[in-house]
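Here is final06.cif, consisting of mmCIF, N, CA and C atoms:
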```
data_input
loop_
_atom_site.label_atom_id
_atom_site.label_comp_id
_atom_site.auth_asym_id
_atom_site.auth_seq_id
_atom_site.Cartn_x
_atom_site.Cartn_y
_atom_site.Cartn_z
N MET Q 1 90.86 6.50 -65.89
CA MET Q 1 90.35 5.24 -65.37
C MET Q 1 91.15 4.84 -64.14
N GLU Q 2 90.46 4.27 -63.22
CA GLU Q 2 91.11 3.74 -62.01
C GLU Q 2 90.69 2.28 -61.87
N PHE Q 3 91.65 1.38 -61.81
CA PHE Q 3 91.40 -0.05 -61.69
C PHE Q 3 91.83 -0.49 -60.29
N THR Q 4 90.99 -1.27 -59.63
CA THR Q 4 91.31 -1.76 -58.29
C THR Q 4 91.47 -3.27 -58.33
N PRO Q 5 92.71 -3.75 -58.27
CA PRO Q 5 92.90 -5.21 -58.27
C PRO Q 5 92.41 -5.82 -56.96
N SER Q 6 91.94 -7.03 -57.03
CA SER Q 6 91.42 -7.68 -55.83
C SER Q 6 92.46 -7.74 -54.71
N SER Q 7 93.74 -7.76 -55.08
CA SER Q 7 94.80 -7.83 -54.07
C SER Q 7 94.87 -6.57 -53.20
N SER Q 8 94.27 -5.46 -53.66
CA SER Q 8 94.30 -4.24 -52.86
C SER Q 8 93.02 -4.02 -52.06
N ILE Q 9 92.11 -4.98 -52.12
CA ILE Q 9 90.85 -4.86 -51.39
C ILE Q 9 91.02 -5.52 -50.03
N LYS Q 10 90.89 -4.71 -48.98
CA LYS Q 10 91.01 -5.20 -47.62
C LYS Q 10 89.63 -5.47 -47.05
N THR Q 11 89.59 -6.36 -46.08
CA THR Q 11 88.36 -6.65 -45.37
C THR Q 11 88.49 -6.17 -43.94
N LEU Q 12 87.55 -5.35 -43.52
CA LEU Q 12 87.47 -4.90 -42.13
C LEU Q 12 86.42 -5.78 -41.45
N SER Q 13 86.69 -6.17 -40.21
CA SER Q 13 85.80 -7.12 -39.54
C SER Q 13 85.45 -6.71 -38.13
N ASN Q 14 84.24 -7.01 -37.77
CA ASN Q 14 83.74 -7.02 -36.41
C ASN Q 14 83.12 -8.40 -36.23
N PRO Q 15 82.85 -8.83 -35.01
CA PRO Q 15 82.27 -10.17 -34.84
C PRO Q 15 81.03 -10.38 -35.71
N GLY Q 16 81.10 -11.34 -36.62
CA GLY Q 16 79.97 -11.69 -37.48
C GLY Q 16 79.75 -10.79 -38.68
N VAL Q 17 80.57 -9.75 -38.85
CA VAL Q 17 80.38 -8.81 -39.96
C VAL Q 17 81.72 -8.57 -40.65
N ASP Q 18 81.78 -8.88 -41.95
CA ASP Q 18 82.96 -8.61 -42.77
C ASP Q 18 82.61 -7.55 -43.80
N SER Q 19 83.46 -6.52 -43.91
CA SER Q 19 83.23 -5.41 -44.83
C SER Q 19 84.40 -5.31 -45.80
N ARG Q 20 84.20 -5.80 -47.02
CA ARG Q 20 85.23 -5.69 -48.06
C ARG Q 20 85.22 -4.27 -48.61
N GLN Q 21 86.34 -3.58 -48.48
CA GLN Q 21 86.46 -2.18 -48.88
C GLN Q 21 86.80 -2.09 -50.37
N LEU Q 22 85.77 -2.23 -51.22
CA LEU Q 22 85.97 -2.28 -52.67
C LEU Q 22 86.60 -0.99 -53.19
N LEU Q 23 86.07 0.14 -52.80
CA LEU Q 23 86.66 1.46 -53.11
C LEU Q 23 86.63 2.26 -51.82
N ASN Q 24 87.79 2.66 -51.36
CA ASN Q 24 87.86 3.48 -50.16
C ASN Q 24 89.07 4.39 -50.24
N PRO Q 25 89.26 5.28 -49.29
CA PRO Q 25 90.37 6.22 -49.38
C PRO Q 25 91.76 5.56 -49.45
N GLU Q 26 91.89 4.30 -49.03
CA GLU Q 26 93.18 3.61 -49.10
C GLU Q 26 93.51 3.08 -50.50
N ASN Q 27 92.49 2.75 -51.30
CA ASN Q 27 92.78 2.15 -52.60
C ASN Q 27 92.18 2.91 -53.77
N SER Q 28 91.65 4.11 -53.50
CA SER Q 28 91.01 4.89 -54.56
C SER Q 28 91.24 6.39 -54.32
N THR Q 29 91.30 7.12 -55.42
CA THR Q 29 91.41 8.58 -55.31
C THR Q 29 90.04 9.26 -55.39
N SER Q 30 88.97 8.46 -55.42
CA SER Q 30 87.63 9.04 -55.51
C SER Q 30 87.34 9.95 -54.33
N LYS Q 31 86.83 11.10 -54.64
CA LYS Q 31 86.39 12.04 -53.61
C LYS Q 31 84.86 11.99 -53.47
N ARG Q 32 84.21 11.05 -54.19
CA ARG Q 32 82.75 11.03 -54.24
C ARG Q 32 82.10 9.82 -53.59
N VAL Q 33 82.79 8.68 -53.51
CA VAL Q 33 82.10 7.48 -53.05
C VAL Q 33 83.06 6.49 -52.38
N THR Q 34 82.54 5.81 -51.36
CA THR Q 34 83.15 4.61 -50.80
C THR Q 34 82.20 3.47 -51.16
N LEU Q 35 82.74 2.37 -51.63
CA LEU Q 35 81.93 1.22 -52.02
C LEU Q 35 82.38 0.02 -51.19
N THR Q 36 81.43 -0.60 -50.50
CA THR Q 36 81.74 -1.68 -49.57
C THR Q 36 80.79 -2.85 -49.80
N GLU Q 37 81.34 -4.07 -49.75
CA GLU Q 37 80.51 -5.28 -49.76
C GLU Q 37 80.51 -5.82 -48.34
N VAL Q 38 79.34 -5.86 -47.74
CA VAL Q 38 79.20 -6.25 -46.33
C VAL Q 38 78.51 -7.61 -46.26
N THR Q 39 79.09 -8.53 -45.49
CA THR Q 39 78.47 -9.83 -45.25
C THR Q 39 78.21 -9.97 -43.75
N VAL Q 40 76.95 -10.24 -43.42
CA VAL Q 40 76.53 -10.37 -42.03
C VAL Q 40 76.18 -11.84 -41.80
N ALA Q 41 76.89 -12.48 -40.89
CA ALA Q 41 76.69 -13.90 -40.60
C ALA Q 41 75.34 -14.11 -39.92
N PRO Q 42 74.79 -15.33 -40.01
CA PRO Q 42 73.55 -15.64 -39.31
C PRO Q 42 73.66 -15.29 -37.82
N GLY Q 43 72.67 -14.58 -37.31
CA GLY Q 43 72.64 -14.20 -35.91
C GLY Q 43 73.44 -12.95 -35.56
N ALA Q 44 74.20 -12.41 -36.50
CA ALA Q 44 75.02 -11.23 -36.24
C ALA Q 44 74.28 -9.95 -36.61
N SER Q 45 74.82 -8.83 -36.15
CA SER Q 45 74.20 -7.55 -36.47
C SER Q 45 75.23 -6.44 -36.50
N GLN Q 46 74.84 -5.36 -37.17
CA GLN Q 46 75.54 -4.08 -37.12
C GLN Q 46 74.64 -3.18 -36.32
N PRO Q 47 75.10 -2.63 -35.21
CA PRO Q 47 74.21 -1.82 -34.39
C PRO Q 47 73.77 -0.53 -35.08
N ARG Q 48 72.69 0.02 -34.59
CA ARG Q 48 72.19 1.30 -35.10
C ARG Q 48 73.28 2.36 -34.97
N HIS Q 49 73.39 3.19 -36.00
CA HIS Q 49 74.37 4.28 -36.03
C HIS Q 49 73.93 5.28 -37.09
N SER Q 50 74.67 6.36 -37.24
CA SER Q 50 74.38 7.32 -38.30
C SER Q 50 75.69 7.94 -38.77
N HIS Q 51 75.63 8.63 -39.89
CA HIS Q 51 76.78 9.34 -40.45
C HIS Q 51 76.37 10.81 -40.60
N ASP Q 52 77.11 11.68 -39.95
CA ASP Q 52 76.74 13.10 -39.92
C ASP Q 52 76.72 13.76 -41.28
N ALA Q 53 77.65 13.40 -42.16
CA ALA Q 53 77.78 14.15 -43.41
C ALA Q 53 77.89 13.25 -44.64
N SER Q 54 77.34 12.04 -44.58
CA SER Q 54 77.35 11.15 -45.74
C SER Q 54 76.01 10.43 -45.84
N GLU Q 55 75.56 10.22 -47.07
CA GLU Q 55 74.39 9.38 -47.27
C GLU Q 55 74.88 8.02 -47.74
N GLN Q 56 74.04 7.00 -47.53
CA GLN Q 56 74.39 5.64 -47.95
C GLN Q 56 73.23 5.04 -48.72
N ILE Q 57 73.60 4.21 -49.70
CA ILE Q 57 72.64 3.39 -50.42
C ILE Q 57 73.08 1.95 -50.24
N TRP Q 58 72.17 1.10 -49.79
CA TRP Q 58 72.44 -0.32 -49.60
C TRP Q 58 71.62 -1.11 -50.61
N ILE Q 59 72.27 -2.09 -51.25
CA ILE Q 59 71.62 -2.99 -52.19
C ILE Q 59 71.83 -4.40 -51.66
N CYS Q 60 70.76 -5.07 -51.27
CA CYS Q 60 70.87 -6.43 -50.76
C CYS Q 60 71.07 -7.38 -51.94
N THR Q 61 72.18 -8.10 -51.95
CA THR Q 61 72.49 -8.99 -53.07
C THR Q 61 72.26 -10.46 -52.73
N LYS Q 62 72.22 -10.79 -51.42
CA LYS Q 62 72.02 -12.19 -51.04
C LYS Q 62 71.47 -12.26 -49.62
N GLY Q 63 70.48 -13.10 -49.42
CA GLY Q 63 69.95 -13.33 -48.09
C GLY Q 63 68.85 -12.37 -47.70
N LYS Q 64 68.61 -12.31 -46.39
CA LYS Q 64 67.57 -11.43 -45.87
C LYS Q 64 67.88 -11.10 -44.42
N GLY Q 65 67.32 -9.98 -43.97
CA GLY Q 65 67.52 -9.56 -42.60
C GLY Q 65 66.56 -8.46 -42.24
N MET Q 66 66.86 -7.77 -41.14
CA MET Q 66 66.02 -6.68 -40.66
C MET Q 66 66.85 -5.41 -40.59
N LEU Q 67 66.35 -4.35 -41.23
CA LEU Q 67 66.95 -3.03 -41.08
C LEU Q 67 66.58 -2.53 -39.68
N LEU Q 68 67.57 -2.00 -38.99
CA LEU Q 68 67.36 -1.43 -37.66
C LEU Q 68 67.32 0.08 -37.82
N LEU Q 69 66.17 0.67 -37.56
CA LEU Q 69 65.94 2.08 -37.86
C LEU Q 69 65.73 2.89 -36.58
N ALA Q 70 65.52 4.19 -36.74
CA ALA Q 70 65.29 5.09 -35.61
C ALA Q 70 64.04 4.67 -34.84
N ASP Q 71 63.98 5.08 -33.59
CA ASP Q 71 62.81 4.83 -32.73
C ASP Q 71 62.51 3.34 -32.59
N GLU Q 72 63.55 2.51 -32.63
CA GLU Q 72 63.42 1.06 -32.47
C GLU Q 72 62.59 0.39 -33.57
N LYS Q 73 62.36 1.09 -34.68
CA LYS Q 73 61.63 0.50 -35.80
C LYS Q 73 62.53 -0.47 -36.55
N GLU Q 74 61.88 -1.43 -37.23
CA GLU Q 74 62.58 -2.42 -38.05
C GLU Q 74 61.82 -2.60 -39.36
N LYS Q 75 62.55 -2.98 -40.40
CA LYS Q 75 61.94 -3.24 -41.70
C LYS Q 75 62.69 -4.38 -42.36
N GLU Q 76 61.95 -5.30 -43.01
CA GLU Q 76 62.60 -6.41 -43.72
C GLU Q 76 63.48 -5.88 -44.84
N PHE Q 77 64.60 -6.56 -45.06
CA PHE Q 77 65.56 -6.21 -46.12
C PHE Q 77 65.96 -7.52 -46.79
N ASN Q 78 65.52 -7.70 -48.04
CA ASN Q 78 65.69 -8.97 -48.75
C ASN Q 78 66.49 -8.77 -50.03
N ALA Q 79 67.06 -9.87 -50.54
CA ALA Q 79 67.81 -9.82 -51.80
C ALA Q 79 67.00 -9.08 -52.85
N GLY Q 80 67.64 -8.12 -53.51
CA GLY Q 80 66.99 -7.31 -54.53
C GLY Q 80 66.49 -5.97 -54.02
N ASP Q 81 66.34 -5.81 -52.70
CA ASP Q 81 65.87 -4.55 -52.13
C ASP Q 81 66.98 -3.50 -52.14
N VAL Q 82 66.58 -2.24 -52.23
CA VAL Q 82 67.49 -1.09 -52.19
C VAL Q 82 66.94 -0.11 -51.16
N VAL Q 83 67.83 0.42 -50.32
CA VAL Q 83 67.43 1.42 -49.33
C VAL Q 83 68.45 2.56 -49.35
N ARG Q 84 67.96 3.79 -49.17
CA ARG Q 84 68.85 4.96 -49.12
C ARG Q 84 68.66 5.65 -47.78
N PHE Q 85 69.79 5.92 -47.11
CA PHE Q 85 69.79 6.63 -45.84
C PHE Q 85 70.40 8.01 -46.07
N GLU Q 86 69.67 9.04 -45.69
CA GLU Q 86 70.19 10.40 -45.78
C GLU Q 86 71.19 10.64 -44.65
N ASP Q 87 71.94 11.74 -44.74
CA ASP Q 87 72.81 12.15 -43.64
C ASP Q 87 72.02 12.10 -42.34
N LYS Q 88 72.64 11.58 -41.30
CA LYS Q 88 72.08 11.53 -39.94
C LYS Q 88 70.95 10.52 -39.75
N ASP Q 89 70.51 9.80 -40.80
CA ASP Q 89 69.50 8.75 -40.61
C ASP Q 89 70.08 7.63 -39.76
N ILE Q 90 69.33 7.17 -38.79
CA ILE Q 90 69.73 6.03 -37.95
C ILE Q 90 69.51 4.76 -38.78
N HIS Q 91 70.53 3.88 -38.79
CA HIS Q 91 70.42 2.63 -39.54
C HIS Q 91 71.37 1.57 -38.97
N GLY Q 92 71.01 0.33 -39.17
CA GLY Q 92 71.80 -0.82 -38.79
C GLY Q 92 71.14 -2.03 -39.42
N ILE Q 93 71.67 -3.22 -39.15
CA ILE Q 93 71.07 -4.42 -39.75
C ILE Q 93 71.29 -5.61 -38.83
N ARG Q 94 70.34 -6.55 -38.87
CA ARG Q 94 70.44 -7.79 -38.12
C ARG Q 94 70.07 -8.93 -39.05
N ASN Q 95 70.86 -9.99 -39.00
CA ASN Q 95 70.57 -11.17 -39.80
C ASN Q 95 69.94 -12.22 -38.90
N ASP Q 96 68.62 -12.39 -39.04
CA ASP Q 96 67.89 -13.37 -38.25
C ASP Q 96 67.77 -14.72 -38.96
N SER Q 97 68.34 -14.83 -40.16
CA SER Q 97 68.17 -16.05 -40.94
C SER Q 97 69.30 -17.05 -40.63
N ASN Q 98 69.24 -18.20 -41.29
CA ASN Q 98 70.26 -19.24 -41.13
C ASN Q 98 71.35 -19.15 -42.19
N LEU Q 99 71.26 -18.16 -43.10
CA LEU Q 99 72.23 -18.00 -44.18
C LEU Q 99 72.85 -16.61 -44.11
N PRO Q 100 74.06 -16.42 -44.68
CA PRO Q 100 74.66 -15.09 -44.69
C PRO Q 100 73.81 -14.09 -45.47
N LEU Q 101 73.87 -12.85 -45.05
CA LEU Q 101 73.22 -11.72 -45.73
C LEU Q 101 74.35 -10.86 -46.30
N THR Q 102 74.25 -10.51 -47.59
CA THR Q 102 75.28 -9.67 -48.21
C THR Q 102 74.60 -8.47 -48.86
N TYR Q 103 75.23 -7.30 -48.68
CA TYR Q 103 74.75 -6.10 -49.36
C TYR Q 103 75.94 -5.25 -49.79
N ILE Q 104 75.70 -4.44 -50.81
CA ILE Q 104 76.68 -3.46 -51.29
C ILE Q 104 76.25 -2.12 -50.72
N SER Q 105 77.21 -1.39 -50.17
CA SER Q 105 76.96 -0.07 -49.61
C SER Q 105 77.75 0.97 -50.39
N ALA Q 106 77.05 1.99 -50.89
CA ALA Q 106 77.70 3.15 -51.52
C ALA Q 106 77.54 4.32 -50.57
N THR Q 107 78.65 4.92 -50.18
CA THR Q 107 78.65 6.03 -49.22
C THR Q 107 79.19 7.27 -49.89
N CYS Q 108 78.42 8.35 -49.85
CA CYS Q 108 78.79 9.60 -50.52
C CYS Q 108 78.60 10.77 -49.56
N PRO Q 109 79.60 11.62 -49.36
CA PRO Q 109 80.99 11.46 -49.76
C PRO Q 109 81.65 10.31 -48.99
N PRO Q 110 82.86 9.92 -49.45
CA PRO Q 110 83.53 8.74 -48.89
C PRO Q 110 83.80 8.85 -47.39
N ILE Q 111 83.82 7.68 -46.77
CA ILE Q 111 84.22 7.55 -45.37
C ILE Q 111 85.27 6.44 -45.29
N ASP Q 112 86.28 6.63 -44.47
CA ASP Q 112 87.23 5.57 -44.15
C ASP Q 112 86.67 4.84 -42.94
N PHE Q 113 86.17 3.63 -43.14
CA PHE Q 113 85.47 2.89 -42.10
C PHE Q 113 86.40 2.14 -41.15
N SER Q 114 87.70 2.25 -41.30
CA SER Q 114 88.61 1.49 -40.45
C SER Q 114 88.42 1.84 -38.97
N TYR Q 115 87.95 3.03 -38.67
CA TYR Q 115 87.75 3.44 -37.27
C TYR Q 115 86.70 2.58 -36.57
N ALA Q 116 85.78 1.99 -37.31
CA ALA Q 116 84.65 1.29 -36.71
C ALA Q 116 84.81 -0.23 -36.71
N ASN Q 117 85.97 -0.72 -37.10
CA ASN Q 117 86.17 -2.16 -37.21
C ASN Q 117 87.37 -2.60 -36.40
N ARG Q 118 87.27 -3.78 -35.83
CA ARG Q 118 88.34 -4.29 -34.96
C ARG Q 118 89.51 -4.86 -35.74
N ASP Q 119 89.23 -5.61 -36.79
CA ASP Q 119 90.28 -6.36 -37.48
C ASP Q 119 90.36 -5.92 -38.93
N LYS Q 120 91.57 -6.05 -39.48
CA LYS Q 120 91.77 -5.76 -40.89
C LYS Q 120 92.49 -6.97 -41.48
N LYS Q 121 91.95 -7.52 -42.56
CA LYS Q 121 92.60 -8.64 -43.23
C LYS Q 121 92.62 -8.40 -44.72
N LYS Q 122 93.53 -9.08 -45.39
CA LYS Q 122 93.59 -8.97 -46.85
C LYS Q 122 92.76 -10.03 -47.47
#
```

Target format structure tokens, applied to this file:
Amino acid sequence: MEFTPSSSIKTLSNPGVDSRQLLNPENSTSKRVTLTEVTVAPGASQPRHSHDASEQIWICTKGKGMLLLADEKEKEFNAGDVVRFEDKDIHGIRNDSNLPLTYISATCPPIDFSYANRDKKK
């Protein structure tokens, strides 16, 4: 068993986006998954990007927004929705609402996301 106390969970931030690193290479020995809780502030976005060798599953737990997909396509993403991105799938998100949007991201195999974030806080 591996227990992760809340005191070891760091938050990585970019403007308008906070990513709580629930399970990542810094606080877990898992070789199979990174688990992140992402909160996107109203009006903020995560730009389109892809992961060469990891798939992701996103579960929207609160709020609503727009998935930013390949070829400039967009799709609504609402609380309760689940989406899976295969390796190399283009994805991002924009929160067009007046309330925060929160989703859980499972990334397999794990990625250390610190490279993509400006700030780190406890």

Practice task
Specify as a ChimeraX atom specification each residue included when the PyMOL selection byres ((chain Q and resi 38-49) around 6) is applied to this file.
Solution key: /Q:16-20,36-37,50-51,68,89-105

Exercise for the section: Go through chain Q and collect every residue that DSSP, computed from the backbone, puts in helix (DSSP H, G or I); the answer should be as a PyMOL selection string. Expected result: chain Q and resi 6-8+70-72+113-116

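Here the PyMOL selection byres ((chain Q and resi 81) around 8) captures the residues Trp58, Ile59, Cys60, Thr61, Lys62, Glu76, Phe77, Asn78, Ala79, Gly80, Val82, Val83 and Arg84 of chain Q.
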
May I have the selected residues written with N, CA and C atoms, as a compact mmCIF listing (two decimals), in the frame of the given file?
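Saved the output as part.txt:
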```
# COMPACT_ATOMS: atom_id res chain seq x y z
N TRP Q 58 72.17 1.10 -49.79
CA TRP Q 58 72.44 -0.32 -49.60
C TRP Q 58 71.62 -1.11 -50.61
N ILE Q 59 72.27 -2.09 -51.25
CA ILE Q 59 71.62 -2.99 -52.19
C ILE Q 59 71.83 -4.40 -51.66
N CYS Q 60 70.76 -5.07 -51.27
CA CYS Q 60 70.87 -6.43 -50.76
C CYS Q 60 71.07 -7.38 -51.94
N THR Q 61 72.18 -8.10 -51.95
CA THR Q 61 72.49 -8.99 -53.07
C THR Q 61 72.26 -10.46 -52.73
N LYS Q 62 72.22 -10.79 -51.42
CA LYS Q 62 72.02 -12.19 -51.04
C LYS Q 62 71.47 -12.26 -49.62
N GLU Q 76 61.95 -5.30 -43.01
CA GLU Q 76 62.60 -6.41 -43.72
C GLU Q 76 63.48 -5.88 -44.84
N PHE Q 77 64.60 -6.56 -45.06
CA PHE Q 77 65.56 -6.21 -46.12
C PHE Q 77 65.96 -7.52 -46.79
N ASN Q 78 65.52 -7.70 -48.04
CA ASN Q 78 65.69 -8.97 -48.75
C ASN Q 78 66.49 -8.77 -50.03
N ALA Q 79 67.06 -9.87 -50.54
CA ALA Q 79 67.81 -9.82 -51.80
C ALA Q 79 67.00 -9.08 -52.85
N GLY Q 80 67.64 -8.12 -53.51
CA GLY Q 80 66.99 -7.31 -54.53
C GLY Q 80 66.49 -5.97 -54.02
N VAL Q 82 66.58 -2.24 -52.23
CA VAL Q 82 67.49 -1.09 -52.19
C VAL Q 82 66.94 -0.11 -51.16
N VAL Q 83 67.83 0.42 -50.32
CA VAL Q 83 67.43 1.42 -49.33
C VAL Q 83 68.45 2.56 -49.35
N ARG Q 84 67.96 3.79 -49.17
CA ARG Q 84 68.85 4.96 -49.12
C ARG Q 84 68.66 5.65 -47.78
```

Problem - Shell of 6 Å around Q:Thr34, only C-alpha atoms, local chain residues under 6 positions omitted, as number ranges by chain - result: Q: 23-24, 106-107, 110

Practice task
Using atom CA of Q:Asp112 and atom CA of Q:Pro25 as the two end points, give the distance in Å to one decimal.
Solution key: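 For atom CA of Q:Asp112 relative to atom CA of Q:Pro25, the distance reads 6.1 Å.
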
Completion exercise
Using all atoms listed in the file, the residue out of Q:Met66, Q:Pro109, Q:Gln56, Q:Asn27 with shortest distance to Q:Asp87 is Q:Gln56

Exercise for the section: Name the closest residue to Q:Ala70 among the candidates Q:Ser13, Q:Lys31, Q:Ile111, Q:Lys88; distances are taken between atoms, counting only C-alpha atoms. Expected result: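 Checking each candidate against Q:Ala70, we get Q:Lys88 as the closest.
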
Practice task
Record the distance separating atom CA of Q:Leu22 and atom C of Q:Ser6, expressed in Å with one decimal.
Solution key: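 Computing the Euclidean distance for atom CA of Q:Leu22 and atom C of Q:Ser6 yields 8.7 Å.
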
Practice task
Pull out every residue that the PyMOL selection byres ((chain Q and resi 9) around 7) matches in the shown coordinates and put them as a ChimeraX atom specification.
Solution key: /Q:4-8,10-11,20-22,121-122

Practice task
Could you please determine the separation between atom N of Q:Ser30 and atom C of Q:Phe3 in Å, to one decimal place?
Solution key: 10.6 Å

Handout entry: For Q:Cys108: contacts at 8 Å, all atoms listed in the file, fewer than 4 positions along chain excluded, given as a list in words
Key =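 Selected residues are Lys31, Arg32, Val33, Thr34, Leu35, Ala53, Ser54, Glu55, Gln56 and Ile57 of chain Q.
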
Practice task
Report the residues of chain Q whose backbone DSSP state falls under strand (DSSP E or B), written as number ranges by chain.
Solution key: Q: 11-14, 17-23, 34-40, 45-49, 55-62, 64-69, 74-78, 82-85, 91-94, 101-108, 119-121

Exercise for the section: Between Q:Glu2, Q:Glu86, Q:Leu12, Q:Asp52, single out the one closest to Q:Thr29, counting only C-alpha atoms. Expected result: Q:Glu2

Please complete stretch 85-97 of chain Q with N, CA, C and O atoms and give it back as a tab-separated table (two decimals), keeping the file's coordinate frame.
```
chain	number	residue	atom	x	y	z
Q	85	PHE	N	69.79	5.92	-47.11
Q	85	PHE	CA	69.79	6.63	-45.84
Q	85	PHE	C	70.40	8.01	-46.07
Q	85	PHE	O	71.52	8.13	-46.58
Q	86	GLU	N	69.67	9.04	-45.69
Q	86	GLU	CA	70.19	10.40	-45.78
Q	86	GLU	C	71.19	10.64	-44.65
Q	86	GLU	O	71.26	9.86	-43.69
Q	87	ASP	N	71.94	11.74	-44.74
Q	87	ASP	CA	72.81	12.15	-43.64
Q	87	ASP	C	72.02	12.10	-42.34
Q	87	ASP	O	70.86	12.51	-42.30
Q	88	LYS	N	72.64	11.58	-41.30
Q	88	LYS	CA	72.08	11.53	-39.94
Q	88	LYS	C	70.95	10.52	-39.75
Q	88	LYS	O	70.44	10.39	-38.64
Q	89	ASP	N	70.51	9.80	-40.80
Q	89	ASP	CA	69.50	8.75	-40.61
Q	89	ASP	C	70.08	7.63	-39.76
Q	89	ASP	O	71.20	7.15	-40.03
Q	90	ILE	N	69.33	7.17	-38.79
Q	90	ILE	CA	69.73	6.03	-37.95
Q	90	ILE	C	69.51	4.76	-38.78
Q	90	ILE	O	68.46	4.57	-39.38
Q	91	HIS	N	70.53	3.88	-38.79
Q	91	HIS	CA	70.42	2.63	-39.54
Q	91	HIS	C	71.37	1.57	-38.97
Q	91	HIS	O	72.37	1.90	-38.36
Q	92	GLY	N	71.01	0.33	-39.17
Q	92	GLY	CA	71.80	-0.82	-38.79
Q	92	GLY	C	71.14	-2.03	-39.42
Q	92	GLY	O	70.14	-1.90	-40.15
Q	93	ILE	N	71.67	-3.22	-39.15
Q	93	ILE	CA	71.07	-4.42	-39.75
Q	93	ILE	C	71.29	-5.61	-38.83
Q	93	ILE	O	72.29	-5.69	-38.11
Q	94	ARG	N	70.34	-6.55	-38.87
Q	94	ARG	CA	70.44	-7.79	-38.12
Q	94	ARG	C	70.07	-8.93	-39.05
Q	94	ARG	O	69.09	-8.86	-39.78
Q	95	ASN	N	70.86	-9.99	-39.00
Q	95	ASN	CA	70.57	-11.17	-39.80
Q	95	ASN	C	69.94	-12.22	-38.90
Q	95	ASN	O	70.62	-12.84	-38.09
Q	96	ASP	N	68.62	-12.39	-39.04
Q	96	ASP	CA	67.89	-13.37	-38.25
Q	96	ASP	C	67.77	-14.72	-38.96
Q	96	ASP	O	67.18	-15.64	-38.42
Q	97	SER	N	68.34	-14.83	-40.16
Q	97	SER	CA	68.17	-16.05	-40.94
Q	97	SER	C	69.30	-17.05	-40.63
Q	97	SER	O	70.21	-16.76	-39.85
```
